[in-house]
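Participant: Submitted below is the structure of interest, expressed as C-alpha cells.
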Amino acid sequence: SFLISASDIAVDPNVGFLFYADLGKRGERHPPEIGKAYMDGSFRQFLVRDKIVAPSALSLDYINQKIYWTDYHMDHIQAIDYTGQGRVTILSGRRNTPHPYGISVFEDNVYVSDLTQMNIRRVNKYRGVSSAKELYKNTAKKPLHVAVVHSLRQPKLRDACVNASCQHMCVLTHVSDNDQLGYRCMCDVGYQLNDDLTTCKRLESFVLFSTDHTIRGVPLTPTATFNTEAITPSIN
C-alpha cells in the first residue's frame with residue numbers, strides 16, 4: 001500500500017535499507033507507523049505500530065543498527081533495532097521533552113530539537129535525562145530539524161552499479177542472498193521491468209484510479225515486490 005503522510009526517511013547505505021516515519025490518518029485504517037524497506041522500495045515491513053501517534057523524525061545508528069525517532073504527541077524519544085526488536089525509551093514526559101521534533105544520532109549521543117522549549121539538546125543514549133544538556137536556545141525562532149555533520153556519518157562504499165547493465169536505472173538496495181548492499185534495475189515511469197530484470201517494456205494497459213488528492217496508474221499485472229507507476233501521479 002502507499003504511504004499516507006510520510007514525515008521523514010532515513011537510509012543505511014551500508015546494508016541497503018530505507019526507513020520511514022508515516023503519520024497515517026486518524027479515524028481510518030492507516031495508523032501511524034515506523035517501517036522499513038529495501039532502498040529500491042521493495043519488501044516493505046512494518047516495525048512499530050503500537051504506542052505511536054506522531055512520529056516526526058528518524059535517525060540511524062549505523063554501527064549498532066538501531067533506529068531512533070521522536071514522537072511529538074507522545075512526548076518521547078525511542079529506539080528499536082533494524083528488526084523491530086529491543087524497543088527502549090531515551091527521553092520521555094512533558095517536563096523533559098514537551099515537543100520533540102528533529103533528531104540526529106552520533107556516537108553515544110542523541111541530538112534533538114524541541115518546539116516548546118525552543119532549544120537543541122544533547123542526550124546520552126544510555127543515561128537518558130540525567131545526561132541532558134542544552135546546546136542552543138532561541139526564543140524568537142523554533143529549531144526544526146537537526147543533523148550532525150561528520151565524516152563518520154558519510155560512510156564510503158563501493159558502487160554496486162558500476163558494472164550493471166540496466167536499460168533505464170540502477171538503484172542501490174539490499175540484496176537478500178548476501179545480506180548486504182547490491183543493486184536492482186528499475187524503469188522510468190510508464191515502463192515495467194521485463195523478466196530478465198534488466199530491460200524495460202512500455203505499459204500499454206493499466207488501471208487508472210483516484211485517491212483523496214491523487215490520480216495514479218498501476219499495471220494490470222504488477223510485480224510482487226515493486227511499485228510501478230504507469231503514469232506520473234497527478235496531485236491535487
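By order of appearance in the C-alpha cells: chains A, B, ..., then residues from 1 within every chain, and ligands from 1 in the order shown.
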Leaving out range 154-156 of chain A and any residue of its chain fewer than 3 positions from it, which residues lie within 8 Å of it when counting only C-alpha atoms, given as a ChimeraX atom specification?
Facilitator: /A:13-14,150-151
Participant: Near Pro31 in chain A, within 9 Å and counting only C-alpha atoms, which residues show up once chain neighbours fewer than 2 positions away are dropped, as a list in words?
Facilitator: Asp22, Leu23, Gly24, Lys25, Arg26, Gly27, Glu28, Arg29, Glu33, Arg49, Asp50, Ile52 and Val53 of chain A
Participant: Determine, counting only C-alpha atoms, which protein, DNA and RNA residues have an atom within 10 Å of an atom of range 195-209 of chain A; residues of the same chain fewer than 3 positions away are not included. Present the result as a PyMOL selection string.
Facilitator: chain A and resi 164-170+184-192+214-222+228-231
Participant: I need the residues from that last selection saved to file as a CSV table (one decimal), in the first residue's frame (with N, CA, C and O atoms), if you can.
Facilitator:
chain,number,residue,atom,x,y,z
A,164,ALA,N,26.7,-2.7,-13.7
A,164,ALA,CA,25.4,-3.1,-14.0
A,164,ALA,C,25.0,-2.8,-15.5
A,164,ALA,O,25.6,-1.9,-16.1
A,165,SER,N,24.1,-3.5,-16.1
A,165,SER,CA,23.7,-3.3,-17.5
A,165,SER,C,22.2,-3.0,-17.5
A,165,SER,O,21.5,-3.4,-18.4
A,166,CYS,N,21.7,-2.2,-16.6
A,166,CYS,CA,20.3,-1.8,-16.6
A,166,CYS,C,20.0,-0.9,-17.8
A,166,CYS,O,20.7,0.0,-18.1
A,167,GLN,N,18.8,-1.1,-18.4
A,167,GLN,CA,18.4,-0.3,-19.5
A,167,GLN,C,18.1,1.1,-19.1
A,167,GLN,O,18.4,2.1,-19.8
A,168,HIS,N,17.4,1.3,-18.0
A,168,HIS,CA,16.9,2.6,-17.5
A,168,HIS,C,17.7,3.1,-16.3
A,168,HIS,O,18.5,4.0,-16.4
A,169,MET,N,17.5,2.5,-15.2
A,169,MET,CA,18.1,3.0,-13.9
A,169,MET,C,18.6,1.8,-13.1
A,169,MET,O,18.1,0.7,-13.1
A,170,CYS,N,19.7,2.1,-12.5
A,170,CYS,CA,20.3,1.2,-11.5
A,170,CYS,C,20.2,1.8,-10.1
A,170,CYS,O,20.6,2.9,-9.9
A,184,ARG,N,19.5,-3.2,-8.0
A,184,ARG,CA,18.4,-3.7,-8.8
A,184,ARG,C,18.1,-2.8,-10.0
A,184,ARG,O,18.3,-1.5,-9.8
A,185,CYS,N,17.7,-3.3,-11.1
A,185,CYS,CA,17.4,-2.4,-12.2
A,185,CYS,C,15.9,-2.0,-12.0
A,185,CYS,O,15.1,-2.8,-11.6
A,186,MET,N,15.6,-0.7,-12.4
A,186,MET,CA,14.3,-0.2,-12.3
A,186,MET,C,14.0,0.6,-13.6
A,186,MET,O,14.9,0.9,-14.3
A,187,CYS,N,12.7,0.9,-13.8
A,187,CYS,CA,12.3,1.5,-15.1
A,187,CYS,C,11.7,2.9,-14.8
A,187,CYS,O,11.3,3.2,-13.7
A,188,ASP,N,11.8,3.7,-15.9
A,188,ASP,CA,11.1,5.0,-15.8
A,188,ASP,C,9.6,4.9,-15.7
A,188,ASP,O,9.1,3.8,-15.9
A,189,VAL,N,9.0,6.0,-15.3
A,189,VAL,CA,7.5,6.0,-15.2
A,189,VAL,C,6.9,5.6,-16.6
A,189,VAL,O,7.3,6.1,-17.6
A,190,GLY,N,5.9,4.7,-16.5
A,190,GLY,CA,5.3,4.3,-17.8
A,190,GLY,C,5.9,3.0,-18.4
A,190,GLY,O,5.4,2.5,-19.4
A,191,TYR,N,6.9,2.5,-17.7
A,191,TYR,CA,7.5,1.2,-18.1
A,191,TYR,C,7.5,0.2,-17.0
A,191,TYR,O,7.4,0.6,-15.8
A,192,GLN,N,7.7,-1.1,-17.4
A,192,GLN,CA,7.7,-2.1,-16.4
A,192,GLN,C,8.9,-3.1,-16.7
A,192,GLN,O,9.3,-3.3,-17.9
A,214,THR,N,-5.0,12.5,-5.3
A,214,THR,CA,-4.1,12.0,-6.3
A,214,THR,C,-4.8,11.1,-7.3
A,214,THR,O,-5.7,10.4,-7.0
A,215,ILE,N,-4.3,11.2,-8.6
A,215,ILE,CA,-4.7,10.3,-9.6
A,215,ILE,C,-3.5,9.5,-10.0
A,215,ILE,O,-2.4,10.1,-10.3
A,216,ARG,N,-3.6,8.2,-10.0
A,216,ARG,CA,-2.4,7.3,-10.3
A,216,ARG,C,-2.8,6.2,-11.3
A,216,ARG,O,-4.0,6.0,-11.6
A,217,GLY,N,-1.8,5.6,-11.8
A,217,GLY,CA,-2.0,4.4,-12.7
A,217,GLY,C,-1.0,3.3,-12.3
A,217,GLY,O,0.1,3.5,-12.0
A,218,VAL,N,-1.5,2.1,-12.2
A,218,VAL,CA,-0.7,0.9,-11.9
A,218,VAL,C,-1.0,-0.2,-12.9
A,218,VAL,O,-2.0,-0.2,-13.6
A,219,PRO,N,0.0,-1.0,-13.2
A,219,PRO,CA,-0.1,-2.1,-14.2
A,219,PRO,C,-1.2,-3.1,-13.9
A,219,PRO,O,-1.6,-3.3,-12.7
A,220,LEU,N,-1.8,-3.7,-14.9
A,220,LEU,CA,-2.8,-4.7,-14.7
A,220,LEU,C,-2.2,-6.0,-14.1
A,220,LEU,O,-2.9,-6.7,-13.3
A,221,THR,N,-0.9,-6.2,-14.3
A,221,THR,CA,-0.3,-7.4,-13.7
A,221,THR,C,1.0,-6.9,-13.0
A,221,THR,O,2.1,-7.0,-13.6
A,222,PRO,N,0.8,-6.3,-11.8
A,222,PRO,CA,2.0,-5.8,-11.1
A,222,PRO,C,2.9,-6.9,-10.6
A,222,PRO,O,2.5,-8.0,-10.5
A,228,THR,N,5.1,0.0,-9.4
A,228,THR,CA,5.4,0.6,-10.7
A,228,THR,C,4.3,1.6,-11.1
A,228,THR,O,3.1,1.3,-11.0
A,229,GLU,N,4.8,2.8,-11.4
A,229,GLU,CA,3.8,3.9,-11.8
A,229,GLU,C,3.6,3.8,-13.3
A,229,GLU,O,4.6,4.0,-14.1
A,230,ALA,N,2.4,3.7,-13.7
A,230,ALA,CA,2.1,3.7,-15.1
A,230,ALA,C,2.0,5.1,-15.7
A,230,ALA,O,2.3,5.3,-16.9
A,231,ILE,N,1.7,6.1,-14.9
A,231,ILE,CA,1.7,7.5,-15.2
A,231,ILE,C,2.4,8.3,-14.1
A,231,ILE,O,2.5,7.8,-13.0
Participant: Which residue is closest to Ala10 in chain A? Choose from A:Glu107, A:Asp114, A:Glu134, A:Asp61 and count only C-alpha atoms.
Facilitator: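 Closest to Ala10 in chain A of all the choices is A:Asp61.
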Participant: I'd like the contact shell of Ala21 in chain A - 9 Å cut-off, only C-alpha atoms, skipping same-chain residues fewer than 6 positions apart - returned as a list in words.
Facilitator: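 Contacts, in chain order: Ser5, Ala6, Ser7, Asp8, Ile9, Ala10, Pro32, Glu33, Ile34, Gly35, Lys36, Ala54, Pro55, Ser56, Ala57, Leu58 and Trp69 of chain A.
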Participant: Go ahead and compute the interatomic distance for CA of Tyr72 in chain A and CA of Ser113 in chain A, in Å to one decimal.
Facilitator: 10.7 Å
Participant: Write down as a ChimeraX atom specification the residues belonging to range 1-150 of chain A that are assigned strand (DSSP E) by DSSP computed on the backbone.
Facilitator: /A:6-12,17-22,33-38,45-48,55-61,66-71,76-81,88-92,100-106,109-114,119-124,133-137
Participant: Find the distance between CA of Val148 in chain A and CA of Arg127 in chain A and write it in Å to one decimal.
Facilitator: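 Between CA of Val148 in chain A and CA of Arg127 in chain A the gap works out to 19.9 Å.
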Participant: Report, in Å to a single decimal, how far apart CA of Gly86 in chain A and CA of Lys133 in chain A are.
Facilitator: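 Here the two named atoms are 25.6 Å from each other.
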Participant: Would you please work out which residue, of A:Ser59, A:Lys51, A:Arg153, A:Asp159, is nearest to Tyr20 in chain A when using only C-alpha atoms?
Facilitator: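 Under the stated criterion, the closest residue is A:Ser59.
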Participant: Could you tell me which of A:Leu152, A:Ile67, A:Val112, A:Met74 comes closest to Val88 in chain A if we count only C-alpha atoms?
Facilitator: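 Looking at the shortest contact to Val88 in chain A, the residue is A:Ile67.
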Participant: Find the spatial neighbours of Leu181 in chain A, counting only C-alpha atoms, within a cut-off of 9 Å - ignore same-chain residues fewer than 3 positions away - and output them as a list in words.
Facilitator: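 Within the cut-off, the hits are Pro13, Asn14, Val15, Gly16, Phe17, Arg158, Ala160, Leu172, Thr173, His174, Val175, Ser176 and Asn178 of chain A.
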Participant: Residues as selected, N, CA, C and O atoms, written as an mmCIF file, in the first residue's frame, can you do that?
Facilitator:
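Output file out-v8.cif is given in full below:
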data_model
loop_
_atom_site.group_PDB
_atom_site.id
_atom_site.type_symbol
_atom_site.label_atom_id
_atom_site.label_comp_id
_atom_site.auth_asym_id
_atom_site.auth_seq_id
_atom_site.Cartn_x
_atom_site.Cartn_y
_atom_site.Cartn_z
ATOM 1 N N PRO A 13 23.040 3.082 3.753
ATOM 2 C CA PRO A 13 23.617 2.558 2.515
ATOM 3 C C PRO A 13 24.581 1.403 2.744
ATOM 4 O O PRO A 13 24.943 0.716 1.790
ATOM 5 N N ASN A 14 24.997 1.178 3.984
ATOM 6 C CA ASN A 14 25.884 0.050 4.268
ATOM 7 C C ASN A 14 25.204 -1.282 3.964
ATOM 8 O O ASN A 14 25.847 -2.231 3.523
ATOM 9 N N VAL A 15 23.903 -1.357 4.232
ATOM 10 C CA VAL A 15 23.163 -2.608 4.041
ATOM 11 C C VAL A 15 21.984 -2.455 3.084
ATOM 12 O O VAL A 15 21.269 -3.422 2.816
ATOM 13 N N GLY A 16 21.745 -1.243 2.565
ATOM 14 C CA GLY A 16 20.714 -1.050 1.550
ATOM 15 C C GLY A 16 19.300 -0.984 2.078
ATOM 16 O O GLY A 16 18.351 -1.302 1.356
ATOM 17 N N PHE A 17 19.103 -0.528 3.325
ATOM 18 C CA PHE A 17 17.765 -0.397 3.888
ATOM 19 C C PHE A 17 17.315 1.055 3.914
ATOM 20 O O PHE A 17 18.116 1.973 4.141
ATOM 21 N N ARG A 158 31.506 0.920 -1.881
ATOM 22 C CA ARG A 158 31.689 0.607 -3.287
ATOM 23 C C ARG A 158 30.395 0.893 -4.034
ATOM 24 O O ARG A 158 29.296 0.816 -3.467
ATOM 25 N N ALA A 160 27.851 -0.447 -6.309
ATOM 26 C CA ALA A 160 27.417 -1.732 -6.854
ATOM 27 C C ALA A 160 26.878 -1.615 -8.277
ATOM 28 O O ALA A 160 26.729 -2.618 -8.967
ATOM 29 N N LEU A 172 20.767 1.354 -5.956
ATOM 30 C CA LEU A 172 21.412 0.640 -4.856
ATOM 31 C C LEU A 172 20.354 0.160 -3.874
ATOM 32 O O LEU A 172 19.413 0.884 -3.554
ATOM 33 N N THR A 173 20.501 -1.063 -3.388
ATOM 34 C CA THR A 173 19.497 -1.613 -2.482
ATOM 35 C C THR A 173 20.065 -2.815 -1.738
ATOM 36 O O THR A 173 21.164 -3.298 -2.037
ATOM 37 N N HIS A 174 19.302 -3.296 -0.774
ATOM 38 C CA HIS A 174 19.664 -4.505 -0.042
ATOM 39 C C HIS A 174 19.496 -5.727 -0.947
ATOM 40 O O HIS A 174 18.566 -5.798 -1.751
ATOM 41 N N VAL A 175 20.388 -6.677 -0.835
ATOM 42 C CA VAL A 175 20.299 -7.920 -1.597
ATOM 43 C C VAL A 175 20.246 -9.063 -0.599
ATOM 44 O O VAL A 175 21.174 -9.261 0.187
ATOM 45 N N SER A 176 19.152 -9.818 -0.622
ATOM 46 C CA SER A 176 18.924 -10.822 0.413
ATOM 47 C C SER A 176 19.854 -12.021 0.325
ATOM 48 O O SER A 176 20.116 -12.687 1.316
ATOM 49 N N ASN A 178 23.040 -12.070 -0.196
ATOM 50 C CA ASN A 178 24.316 -11.888 0.501
ATOM 51 C C ASN A 178 24.164 -10.971 1.714
ATOM 52 O O ASN A 178 25.150 -10.646 2.379
#
Participant: Report as a ChimeraX atom specification: the residues of range 7-160 of chain A with a DSSP assignment of helix (DSSP H, G or I), based on the backbone of this structure.
Facilitator: /A:128-131,151-153
